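Heads up, the thing below is written out as structure tokens.
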2 protein chains.
Amino acid sequence: MEIKDTLKSFPLLSKINDNELEALIKLLKNEDFSIGDNIITEGDTGNVMYILVSGTVDIIKTTIFNDEYICATLNSNMHCMFGEMALLDNDKRSATVKAKTDCKTLSIDGDSFNKYIDEYPKAGVELLKFMNLNLIRNLRAENDNLKLVYQALIEEIESN
Amino acid sequence: MEIKDTLKSFPLLSKINDNELEALIKLLKNEDFSIGDNIITEGDTGNVMYILVSGTVDIIKTTIFNDEYICATLNSNMHCMFGEMALLDNDKRSATVKAKTDCKTLSIDGDSFNKYIDEYPKAGVELLKFMNLNLIRNLRAENDNLKLVYQALIEEIESN
């Protein structure tokens, strides 16, 4: 399947017209990873965002005690991206993304992304809206997690 | 001070040109609140976003035990907005926003916002980028909070 057809199946890109999509494709870089590779490492700097074209990845965070835990597993059928936070704010990576199988990705760096959305603002609005919704979903999930851990803490304190 | 001058001091709007700003102003609604009013109530539906023009608000969440806690206090010197999550995803309000003093706000609903960014995509890119960065800052803070509460939980378990 051609890259353009692959990308058209991504909800992230579904409202982007052919002309805008072709301009975007020129900026995307093919990056392949082998099982076990860290595509992104928590705490690193780096402003590259990845679209997962094939394979499965684990999103891994470390606790304050340096224990690792898997907080999500993503596969290419989910038509997802990762790495969008540091792409936008240039801050440290908030999680590790490890290839659970061999993976094919398309990547874009922050500079290319910003130039693209300046030149193609209609496509930019669609991309940013999608990224916004992703972030909101993650933030709502994190709120729920915080409530659960807080509840466990209170129950633990009260049981003693 | 005219509304246009007030808005020009907002980083959120600093890259929006006069023509785009005037079109936005036509969609904004003046909404004033008295001290103690809930501008937004956690759990409610509602897709209105607010720009805080004068006054101070508390962002309040409830724990699973129905205890309220203030997770942030915002004032108009911070040139901030609130309510952007439900504006974008139409889901329930994730926190209560209570007027700590009398407040003046400018509000916009989701439909008006979406029409505006369709018609003025260059301004849309700027607004969405700013909202994205706000969400990322909140998500990074929530990650840190989760780590702290988790640490307290483990320490509590280990002390028994």
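Note on naming: chains are A, B, ... as they come in the structure tokens, residues start from 1 per chain, ligands start from 1 in the order shown.
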Task: Residues within 7 Å of range 92-106 of chain B, only C-alpha atoms, excluding chain neighbours under 6 positions, as number ranges by chain - done: B: 28-45, 50-61, 86
Go ahead and write the selection's residues with N, CA and C atoms as a tab-separated table (two decimals), in the first residue's frame.
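Printed below is part21.tsv as written:
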chain	number	residue	atom	x	y	z
B	28	LEU	N	-17.49	36.82	21.09
B	28	LEU	CA	-17.29	36.72	22.55
B	28	LEU	C	-18.45	37.38	23.28
B	29	LYS	N	-18.82	36.78	24.41
B	29	LYS	CA	-19.95	37.27	25.20
B	29	LYS	C	-19.40	37.74	26.55
B	30	ASN	N	-19.82	38.97	26.97
B	30	ASN	CA	-19.45	39.43	28.31
B	30	ASN	C	-20.23	38.66	29.35
B	31	GLU	N	-19.53	38.04	30.29
B	31	GLU	CA	-20.24	37.38	31.40
B	31	GLU	C	-19.56	37.78	32.71
B	32	ASP	N	-20.35	38.39	33.59
B	32	ASP	CA	-19.82	38.80	34.89
B	32	ASP	C	-20.31	37.84	35.97
B	33	PHE	N	-19.46	37.61	36.96
B	33	PHE	CA	-19.82	36.71	38.07
B	33	PHE	C	-19.53	37.40	39.40
B	34	SER	N	-20.33	37.05	40.42
B	34	SER	CA	-20.11	37.62	41.76
B	34	SER	C	-19.30	36.66	42.60
B	35	ILE	N	-18.62	37.20	43.58
B	35	ILE	CA	-17.82	36.38	44.50
B	35	ILE	C	-18.66	35.20	45.02
B	36	GLY	N	-18.08	34.01	44.95
B	36	GLY	CA	-18.77	32.81	45.42
B	36	GLY	C	-19.53	32.05	44.34
B	37	ASP	N	-19.75	32.69	43.18
B	37	ASP	CA	-20.46	31.99	42.08
B	37	ASP	C	-19.61	30.84	41.53
B	38	ASN	N	-20.27	29.75	41.18
B	38	ASN	CA	-19.61	28.70	40.40
B	38	ASN	C	-19.74	29.07	38.90
B	39	ILE	N	-18.63	29.40	38.29
B	39	ILE	CA	-18.65	29.73	36.86
B	39	ILE	C	-18.82	28.44	36.07
B	40	ILE	N	-18.11	27.40	36.52
B	40	ILE	CA	-18.22	26.06	35.95
B	40	ILE	C	-18.37	25.11	37.13
B	41	THR	N	-19.18	24.04	36.96
B	41	THR	CA	-19.36	23.07	38.04
B	41	THR	C	-18.89	21.70	37.57
B	42	GLU	N	-17.97	21.09	38.34
B	42	GLU	CA	-17.43	19.76	38.02
B	42	GLU	C	-18.57	18.77	37.75
B	43	GLY	N	-18.41	18.00	36.68
B	43	GLY	CA	-19.41	16.97	36.37
B	43	GLY	C	-20.51	17.44	35.44
B	44	ASP	N	-20.73	18.76	35.37
B	44	ASP	CA	-21.76	19.30	34.46
B	44	ASP	C	-21.34	19.11	33.01
B	45	THR	N	-22.32	19.15	32.11
B	45	THR	CA	-21.99	19.28	30.70
B	45	THR	C	-21.92	20.78	30.40
B	50	TYR	N	-13.90	30.27	28.89
B	50	TYR	CA	-13.88	31.62	29.45
B	50	TYR	C	-12.48	32.21	29.42
B	51	ILE	N	-12.40	33.47	29.05
B	51	ILE	CA	-11.16	34.25	29.19
B	51	ILE	C	-11.38	35.14	30.42
B	52	LEU	N	-10.44	35.08	31.36
B	52	LEU	CA	-10.61	35.84	32.61
B	52	LEU	C	-10.08	37.26	32.42
B	53	VAL	N	-10.98	38.23	32.41
B	53	VAL	CA	-10.61	39.63	32.13
B	53	VAL	C	-10.29	40.39	33.41
B	54	SER	N	-11.04	40.14	34.48
B	54	SER	CA	-10.68	40.72	35.78
B	54	SER	C	-11.16	39.81	36.89
B	55	GLY	N	-10.43	39.83	38.02
B	55	GLY	CA	-10.82	39.01	39.17
B	55	GLY	C	-9.95	37.78	39.34
B	56	THR	N	-10.34	36.95	40.31
B	56	THR	CA	-9.58	35.76	40.70
B	56	THR	C	-10.55	34.58	40.83
B	57	VAL	N	-10.11	33.41	40.37
B	57	VAL	CA	-10.95	32.20	40.50
B	57	VAL	C	-10.14	31.07	41.13
B	58	ASP	N	-10.85	30.20	41.84
B	58	ASP	CA	-10.25	28.96	42.33
B	58	ASP	C	-10.69	27.81	41.43
B	59	ILE	N	-9.73	26.92	41.09
B	59	ILE	CA	-10.06	25.69	40.38
B	59	ILE	C	-10.16	24.60	41.44
B	60	ILE	N	-11.32	24.00	41.57
B	60	ILE	CA	-11.59	23.09	42.69
B	60	ILE	C	-11.98	21.71	42.15
B	61	LYS	N	-11.37	20.68	42.73
B	61	LYS	CA	-11.77	19.32	42.38
B	61	LYS	C	-12.27	18.61	43.62
B	86	ALA	N	-13.74	20.91	27.87
B	86	ALA	CA	-15.10	20.55	27.45
B	86	ALA	C	-15.50	21.29	26.17
Open item on the list: Would you pick out the contacts of Lys8 in chain B at 12 Å or less, using only C-alpha atoms, so that residues sharing its chain but fewer than 6 positions from it are not included, and give the list as a PyMOL selection string?
Closed with: chain B and resi 1-2+14-18+20-22+24-25+53+79
Could you take the residues named above and write them with N, CA and C atoms, as an mmCIF file, in the first residue's frame?
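Saved as part17.cif:
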data_model
loop_
_atom_site.group_PDB
_atom_site.id
_atom_site.type_symbol
_atom_site.label_atom_id
_atom_site.label_comp_id
_atom_site.auth_asym_id
_atom_site.auth_seq_id
_atom_site.Cartn_x
_atom_site.Cartn_y
_atom_site.Cartn_z
ATOM 1 N N MET B 1 -10.413 50.705 29.337
ATOM 2 C CA MET B 1 -9.666 50.142 28.192
ATOM 3 C C MET B 1 -10.640 49.367 27.292
ATOM 4 N N GLU B 2 -10.453 49.566 25.995
ATOM 5 C CA GLU B 2 -11.321 48.873 25.042
ATOM 6 C C GLU B 2 -11.054 47.372 25.079
ATOM 7 N N SER B 14 -1.836 37.022 21.002
ATOM 8 C CA SER B 14 -0.840 38.004 20.554
ATOM 9 C C SER B 14 -0.461 37.856 19.085
ATOM 10 N N LYS B 15 -0.615 36.659 18.526
ATOM 11 C CA LYS B 15 -0.210 36.471 17.125
ATOM 12 C C LYS B 15 -1.389 36.580 16.161
ATOM 13 N N ILE B 16 -2.516 37.038 16.685
ATOM 14 C CA ILE B 16 -3.725 37.143 15.857
ATOM 15 C C ILE B 16 -3.824 38.578 15.345
ATOM 16 N N ASN B 17 -4.008 38.738 14.034
ATOM 17 C CA ASN B 17 -4.011 40.104 13.493
ATOM 18 C C ASN B 17 -5.342 40.815 13.787
ATOM 19 N N ASP B 18 -5.379 42.134 13.495
ATOM 20 C CA ASP B 18 -6.537 42.962 13.872
ATOM 21 C C ASP B 18 -7.841 42.453 13.266
ATOM 22 N N GLU B 20 -8.583 39.389 12.295
ATOM 23 C CA GLU B 20 -8.986 38.132 12.953
ATOM 24 C C GLU B 20 -9.505 38.403 14.370
ATOM 25 N N LEU B 21 -8.872 39.371 15.052
ATOM 26 C CA LEU B 21 -9.265 39.681 16.426
ATOM 27 C C LEU B 21 -10.663 40.297 16.460
ATOM 28 N N GLU B 22 -10.932 41.193 15.492
ATOM 29 C CA GLU B 22 -12.262 41.821 15.453
ATOM 30 C C GLU B 22 -13.352 40.777 15.191
ATOM 31 N N LEU B 24 -13.189 37.694 16.069
ATOM 32 C CA LEU B 24 -13.315 36.906 17.306
ATOM 33 C C LEU B 24 -14.148 37.664 18.340
ATOM 34 N N ILE B 25 -13.871 38.966 18.451
ATOM 35 C CA ILE B 25 -14.571 39.781 19.456
ATOM 36 C C ILE B 25 -16.093 39.718 19.244
ATOM 37 N N VAL B 53 -10.976 38.234 32.410
ATOM 38 C CA VAL B 53 -10.608 39.633 32.128
ATOM 39 C C VAL B 53 -10.288 40.394 33.410
ATOM 40 N N HIS B 79 -3.521 36.269 32.531
ATOM 41 C CA HIS B 79 -4.037 36.221 31.146
ATOM 42 C C HIS B 79 -4.394 34.804 30.733
#
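Between CA of Asn132 in chain A and CA of Asp67 in chain B the separation is 29.5 Å.
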Task: Expected answer as a list in words: chain B residues within 6 Å of chain A, only C-alpha atoms - done: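 Here they are: Pro121, Lys122, Val125, Asn132, Leu139, Leu146 and Leu153 of chain B.
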What does chain A look like after a least-squares fit onto chain B on every Cα paired in order, written as an mmCIF file with C-alpha atoms, in the first residue's frame?
data_model
loop_
_atom_site.group_PDB
_atom_site.id
_atom_site.type_symbol
_atom_site.label_atom_id
_atom_site.label_comp_id
_atom_site.auth_asym_id
_atom_site.auth_seq_id
_atom_site.Cartn_x
_atom_site.Cartn_y
_atom_site.Cartn_z
ATOM 1 C CA MET A 1 -9.670 50.153 28.212
ATOM 2 C CA GLU A 2 -11.338 48.888 25.055
ATOM 3 C CA ILE A 3 -11.952 45.134 24.773
ATOM 4 C CA LYS A 4 -9.560 44.925 21.800
ATOM 5 C CA ASP A 5 -6.709 46.428 23.826
ATOM 6 C CA THR A 6 -7.478 44.141 26.764
ATOM 7 C CA LEU A 7 -7.361 41.092 24.522
ATOM 8 C CA LYS A 8 -4.129 42.158 22.817
ATOM 9 C CA SER A 9 -2.355 41.732 26.168
ATOM 10 C CA PHE A 10 -3.236 38.018 26.179
ATOM 11 C CA PRO A 11 -0.384 35.770 24.934
ATOM 12 C CA LEU A 12 -3.178 33.491 23.685
ATOM 13 C CA LEU A 13 -4.124 36.191 21.208
ATOM 14 C CA SER A 14 -0.834 37.986 20.572
ATOM 15 C CA LYS A 15 -0.200 36.462 17.135
ATOM 16 C CA ILE A 16 -3.718 37.139 15.865
ATOM 17 C CA ASN A 17 -4.001 40.106 13.503
ATOM 18 C CA ASP A 18 -6.522 42.958 13.882
ATOM 19 C CA ASN A 19 -8.937 41.583 11.322
ATOM 20 C CA GLU A 20 -8.981 38.133 12.960
ATOM 21 C CA LEU A 21 -9.267 39.677 16.423
ATOM 22 C CA GLU A 22 -12.255 41.827 15.450
ATOM 23 C CA ALA A 23 -14.020 38.745 14.052
ATOM 24 C CA LEU A 24 -13.316 36.904 17.306
ATOM 25 C CA ILE A 25 -14.576 39.783 19.460
ATOM 26 C CA LYS A 26 -17.941 39.602 17.668
ATOM 27 C CA LEU A 27 -18.320 36.021 18.952
ATOM 28 C CA LEU A 28 -17.296 36.726 22.554
ATOM 29 C CA LYS A 29 -19.939 37.273 25.193
ATOM 30 C CA ASN A 30 -19.461 39.428 28.301
ATOM 31 C CA GLU A 31 -20.253 37.374 31.389
ATOM 32 C CA ASP A 32 -19.837 38.794 34.891
ATOM 33 C CA PHE A 33 -19.841 36.707 38.075
ATOM 34 C CA SER A 34 -20.126 37.624 41.762
ATOM 35 C CA ILE A 35 -17.835 36.381 44.506
ATOM 36 C CA GLY A 36 -18.808 32.819 45.409
ATOM 37 C CA ASP A 37 -20.470 31.990 42.066
ATOM 38 C CA ASN A 38 -19.626 28.696 40.378
ATOM 39 C CA ILE A 39 -18.651 29.731 36.851
ATOM 40 C CA ILE A 40 -18.211 26.061 35.957
ATOM 41 C CA THR A 41 -19.351 23.067 38.051
ATOM 42 C CA GLU A 42 -17.431 19.760 38.027
ATOM 43 C CA GLY A 43 -19.409 16.953 36.357
ATOM 44 C CA ASP A 44 -21.745 19.295 34.457
ATOM 45 C CA THR A 45 -21.967 19.289 30.700
ATOM 46 C CA GLY A 46 -21.212 22.566 28.944
ATOM 47 C CA ASN A 47 -18.896 23.606 26.148
ATOM 48 C CA VAL A 48 -18.203 27.251 26.950
ATOM 49 C CA MET A 49 -14.622 28.500 27.388
ATOM 50 C CA TYR A 50 -13.881 31.627 29.454
ATOM 51 C CA ILE A 51 -11.169 34.264 29.192
ATOM 52 C CA LEU A 52 -10.604 35.842 32.618
ATOM 53 C CA VAL A 53 -10.607 39.635 32.118
ATOM 54 C CA SER A 54 -10.690 40.727 35.781
ATOM 55 C CA GLY A 55 -10.834 39.007 39.156
ATOM 56 C CA THR A 56 -9.590 35.764 40.696
ATOM 57 C CA VAL A 57 -10.960 32.217 40.498
ATOM 58 C CA ASP A 58 -10.243 28.967 42.325
ATOM 59 C CA ILE A 59 -10.051 25.703 40.365
ATOM 60 C CA ILE A 60 -11.596 23.106 42.682
ATOM 61 C CA LYS A 61 -11.767 19.334 42.380
ATOM 62 C CA THR A 62 -13.510 16.796 44.562
ATOM 63 C CA THR A 63 -11.870 13.595 45.747
ATOM 64 C CA ILE A 64 -13.615 10.243 45.554
ATOM 65 C CA PHE A 65 -14.680 10.903 49.189
ATOM 66 C CA ASN A 66 -16.375 14.153 48.143
ATOM 67 C CA ASP A 67 -13.766 16.358 49.817
ATOM 68 C CA GLU A 68 -13.083 19.530 47.857
ATOM 69 C CA TYR A 69 -9.560 20.796 47.286
ATOM 70 C CA ILE A 70 -8.246 23.850 45.464
ATOM 71 C CA CYS A 71 -5.819 22.711 42.778
ATOM 72 C CA ALA A 72 -5.050 26.155 41.339
ATOM 73 C CA THR A 73 -5.902 29.824 41.778
ATOM 74 C CA LEU A 74 -5.929 32.004 38.669
ATOM 75 C CA ASN A 75 -6.121 35.754 38.395
ATOM 76 C CA SER A 76 -6.601 38.061 35.450
ATOM 77 C CA ASN A 77 -2.927 39.181 35.470
ATOM 78 C CA MET A 78 -2.098 35.628 34.385
ATOM 79 C CA HIS A 79 -4.038 36.224 31.132
ATOM 80 C CA CYS A 80 -5.557 32.811 31.260
ATOM 81 C CA MET A 81 -8.564 30.928 30.042
ATOM 82 C CA PHE A 82 -10.450 27.999 31.508
ATOM 83 C CA GLY A 83 -13.059 25.524 30.301
ATOM 84 C CA GLU A 84 -11.136 24.617 27.136
ATOM 85 C CA MET A 85 -11.313 20.849 27.673
ATOM 86 C CA ALA A 86 -15.098 20.551 27.468
ATOM 87 C CA LEU A 87 -15.146 23.173 24.672
ATOM 88 C CA LEU A 88 -13.091 20.770 22.575
ATOM 89 C CA ASP A 89 -14.378 17.320 23.550
ATOM 90 C CA ASN A 90 -17.920 18.108 24.775
ATOM 91 C CA ASP A 91 -17.375 15.846 27.774
ATOM 92 C CA LYS A 92 -18.138 16.629 31.411
ATOM 93 C CA ARG A 93 -16.430 19.467 33.271
ATOM 94 C CA SER A 94 -13.315 18.115 35.008
ATOM 95 C CA ALA A 95 -13.267 20.744 37.780
ATOM 96 C CA THR A 96 -15.307 23.484 39.410
ATOM 97 C CA VAL A 97 -14.266 27.095 38.781
ATOM 98 C CA LYS A 98 -15.453 29.378 41.587
ATOM 99 C CA ALA A 99 -15.236 33.177 41.624
ATOM 100 C CA LYS A 100 -12.944 34.122 44.520
ATOM 101 C CA THR A 101 -13.696 37.802 43.831
ATOM 102 C CA ASP A 102 -16.181 39.452 41.500
ATOM 103 C CA CYS A 103 -15.051 38.483 37.985
ATOM 104 C CA LYS A 104 -15.467 39.715 34.442
ATOM 105 C CA THR A 105 -15.058 37.142 31.688
ATOM 106 C CA LEU A 106 -15.412 36.864 27.943
ATOM 107 C CA SER A 107 -16.898 33.551 26.902
ATOM 108 C CA ILE A 108 -17.205 31.570 23.684
ATOM 109 C CA ASP A 109 -19.120 28.340 23.047
ATOM 110 C CA GLY A 110 -17.857 25.316 21.124
ATOM 111 C CA ASP A 111 -19.951 25.911 17.999
ATOM 112 C CA SER A 112 -18.812 29.523 17.646
ATOM 113 C CA PHE A 113 -15.220 28.505 18.312
ATOM 114 C CA ASN A 114 -15.270 25.765 15.676
ATOM 115 C CA LYS A 115 -16.844 28.052 13.079
ATOM 116 C CA TYR A 116 -14.253 30.715 13.863
ATOM 117 C CA ILE A 117 -11.229 28.425 13.443
ATOM 118 C CA ASP A 118 -12.694 27.054 10.200
ATOM 119 C CA GLU A 119 -13.107 30.571 8.826
ATOM 120 C CA TYR A 120 -9.844 31.938 10.243
ATOM 121 C CA PRO A 121 -7.487 28.933 10.215
ATOM 122 C CA LYS A 122 -4.330 31.016 10.759
ATOM 123 C CA ALA A 123 -5.831 32.378 13.977
ATOM 124 C CA GLY A 124 -7.146 28.879 14.691
ATOM 125 C CA VAL A 125 -3.629 27.437 14.574
ATOM 126 C CA GLU A 126 -2.462 30.034 17.107
ATOM 127 C CA LEU A 127 -5.409 29.453 19.452
ATOM 128 C CA LEU A 128 -5.127 25.669 19.282
ATOM 129 C CA LYS A 129 -1.336 25.774 19.783
ATOM 130 C CA PHE A 130 -1.837 27.869 22.900
ATOM 131 C CA MET A 131 -4.571 25.543 24.177
ATOM 132 C CA ASN A 132 -2.332 22.550 23.423
ATOM 133 C CA LEU A 133 0.503 24.018 25.481
ATOM 134 C CA ASN A 134 -1.902 24.707 28.348
ATOM 135 C CA LEU A 135 -3.099 21.096 28.264
ATOM 136 C CA ILE A 136 0.458 19.768 28.115
ATOM 137 C CA ARG A 137 1.445 21.874 31.132
ATOM 138 C CA ASN A 138 -1.557 20.515 33.041
ATOM 139 C CA LEU A 139 -0.784 16.948 31.966
ATOM 140 C CA ARG A 140 2.860 17.208 33.055
ATOM 141 C CA ALA A 141 1.732 18.658 36.427
ATOM 142 C CA GLU A 142 -0.798 15.830 36.826
ATOM 143 C CA ASN A 143 1.948 13.264 36.067
ATOM 144 C CA ASP A 144 4.048 14.805 38.842
ATOM 145 C CA ASN A 145 1.089 14.781 41.253
ATOM 146 C CA LEU A 146 0.411 11.142 40.483
ATOM 147 C CA LYS A 147 4.049 10.248 41.215
ATOM 148 C CA LEU A 148 3.897 12.069 44.567
ATOM 149 C CA VAL A 149 0.635 10.446 45.691
ATOM 150 C CA TYR A 150 1.928 7.050 44.544
ATOM 151 C CA GLN A 151 5.126 7.592 46.533
ATOM 152 C CA ALA A 152 3.086 8.489 49.639
ATOM 153 C CA LEU A 153 0.987 5.346 49.157
ATOM 154 C CA ILE A 154 4.037 3.073 48.915
ATOM 155 C CA GLU A 155 5.664 4.710 51.944
ATOM 156 C CA GLU A 156 2.445 4.325 53.925
ATOM 157 C CA ILE A 157 2.214 0.629 53.004
ATOM 158 C CA GLU A 158 5.878 0.015 53.857
ATOM 159 C CA SER A 159 5.656 1.803 57.204
ATOM 160 C CA ASN A 160 3.156 -0.824 58.436
#
- [ ] Write down as number ranges by chain the residues belonging to range 10-128 of chain A that are assigned alpha helix (DSSP H) by DSSP computed on the backbone.
- [x] A: 18-27, 84-89, 110-119, 121-128
Selected residues written out with N, CA and C atoms, as a short mmCIF file (atom, residue, chain, number, x, y, z; two decimals), in the first residue's frame:
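File produced: out_19.cif:
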data_model
loop_
_atom_site.label_atom_id
_atom_site.label_comp_id
_atom_site.auth_asym_id
_atom_site.auth_seq_id
_atom_site.Cartn_x
_atom_site.Cartn_y
_atom_site.Cartn_z
N ASP A 18 -5.84 16.27 -0.50
CA ASP A 18 -4.70 15.61 -1.16
C ASP A 18 -3.47 16.49 -1.26
N ASN A 19 -3.70 17.75 -1.60
CA ASN A 19 -2.60 18.69 -1.74
C ASN A 19 -1.86 18.88 -0.41
N GLU A 20 -2.63 19.05 0.66
CA GLU A 20 -2.03 19.22 2.00
C GLU A 20 -1.33 17.94 2.45
N LEU A 21 -1.93 16.80 2.11
CA LEU A 21 -1.35 15.52 2.51
C LEU A 21 -0.02 15.26 1.80
N GLU A 22 0.02 15.61 0.51
CA GLU A 22 1.27 15.40 -0.25
C GLU A 22 2.40 16.28 0.32
N ALA A 23 2.04 17.51 0.71
CA ALA A 23 3.05 18.40 1.31
C ALA A 23 3.54 17.83 2.64
N LEU A 24 2.62 17.23 3.39
CA LEU A 24 3.00 16.64 4.68
C LEU A 24 3.91 15.43 4.48
N ILE A 25 3.56 14.60 3.49
CA ILE A 25 4.33 13.38 3.24
C ILE A 25 5.80 13.71 2.95
N LYS A 26 6.01 14.84 2.24
CA LYS A 26 7.39 15.25 1.93
C LYS A 26 8.21 15.52 3.19
N LEU A 27 7.53 15.84 4.30
CA LEU A 27 8.25 16.17 5.54
C LEU A 27 8.42 14.96 6.46
N GLU A 84 3.84 13.67 20.86
CA GLU A 84 3.33 14.99 20.48
C GLU A 84 3.55 16.05 21.56
N MET A 85 3.71 15.62 22.83
CA MET A 85 3.89 16.62 23.88
C MET A 85 5.21 17.38 23.71
N ALA A 86 6.30 16.62 23.59
CA ALA A 86 7.61 17.28 23.45
C ALA A 86 7.75 17.97 22.09
N LEU A 87 7.03 17.47 21.06
CA LEU A 87 7.02 18.17 19.77
C LEU A 87 6.54 19.60 19.96
N LEU A 88 5.51 19.75 20.82
CA LEU A 88 4.87 21.06 20.96
C LEU A 88 5.56 21.94 21.99
N ASP A 89 6.02 21.36 23.12
CA ASP A 89 6.57 22.25 24.16
C ASP A 89 8.08 22.11 24.36
N GLY A 110 9.71 18.97 15.33
CA GLY A 110 8.98 20.18 15.69
C GLY A 110 9.12 21.30 14.67
N ASP A 111 10.32 21.54 14.18
CA ASP A 111 10.52 22.63 13.22
C ASP A 111 9.72 22.39 11.94
N SER A 112 9.80 21.18 11.41
CA SER A 112 9.06 20.86 10.19
C SER A 112 7.55 20.98 10.43
N PHE A 113 7.13 20.50 11.60
CA PHE A 113 5.70 20.56 11.93
C PHE A 113 5.22 22.01 11.98
N ASN A 114 5.99 22.86 12.67
CA ASN A 114 5.57 24.26 12.80
C ASN A 114 5.55 24.98 11.46
N LYS A 115 6.55 24.69 10.61
CA LYS A 115 6.54 25.30 9.28
C LYS A 115 5.33 24.83 8.48
N TYR A 116 5.03 23.54 8.61
CA TYR A 116 3.89 22.97 7.87
C TYR A 116 2.57 23.63 8.28
N ILE A 117 2.33 23.75 9.59
CA ILE A 117 1.03 24.32 10.00
C ILE A 117 0.96 25.82 9.74
N ASP A 118 2.11 26.48 9.62
CA ASP A 118 2.09 27.89 9.20
C ASP A 118 1.70 27.99 7.73
N GLU A 119 2.25 27.08 6.92
CA GLU A 119 2.01 27.15 5.48
C GLU A 119 0.64 26.58 5.11
N PRO A 121 -2.46 26.25 7.15
CA PRO A 121 -3.18 26.42 8.42
C PRO A 121 -4.48 25.61 8.52
N LYS A 122 -5.15 25.37 7.38
CA LYS A 122 -6.38 24.56 7.45
C LYS A 122 -6.04 23.13 7.92
N ALA A 123 -4.98 22.58 7.35
CA ALA A 123 -4.52 21.26 7.81
C ALA A 123 -4.02 21.36 9.24
N GLY A 124 -3.36 22.46 9.55
CA GLY A 124 -2.83 22.69 10.90
C GLY A 124 -3.93 22.65 11.95
N VAL A 125 -5.06 23.29 11.64
CA VAL A 125 -6.20 23.28 12.57
C VAL A 125 -6.65 21.84 12.82
N GLU A 126 -6.73 21.05 11.76
CA GLU A 126 -7.17 19.65 11.93
C GLU A 126 -6.18 18.84 12.76
N LEU A 127 -4.89 19.00 12.47
CA LEU A 127 -3.87 18.27 13.22
C LEU A 127 -3.87 18.67 14.69
N LEU A 128 -3.92 19.97 14.94
CA LEU A 128 -3.87 20.45 16.32
C LEU A 128 -5.13 20.07 17.09
#
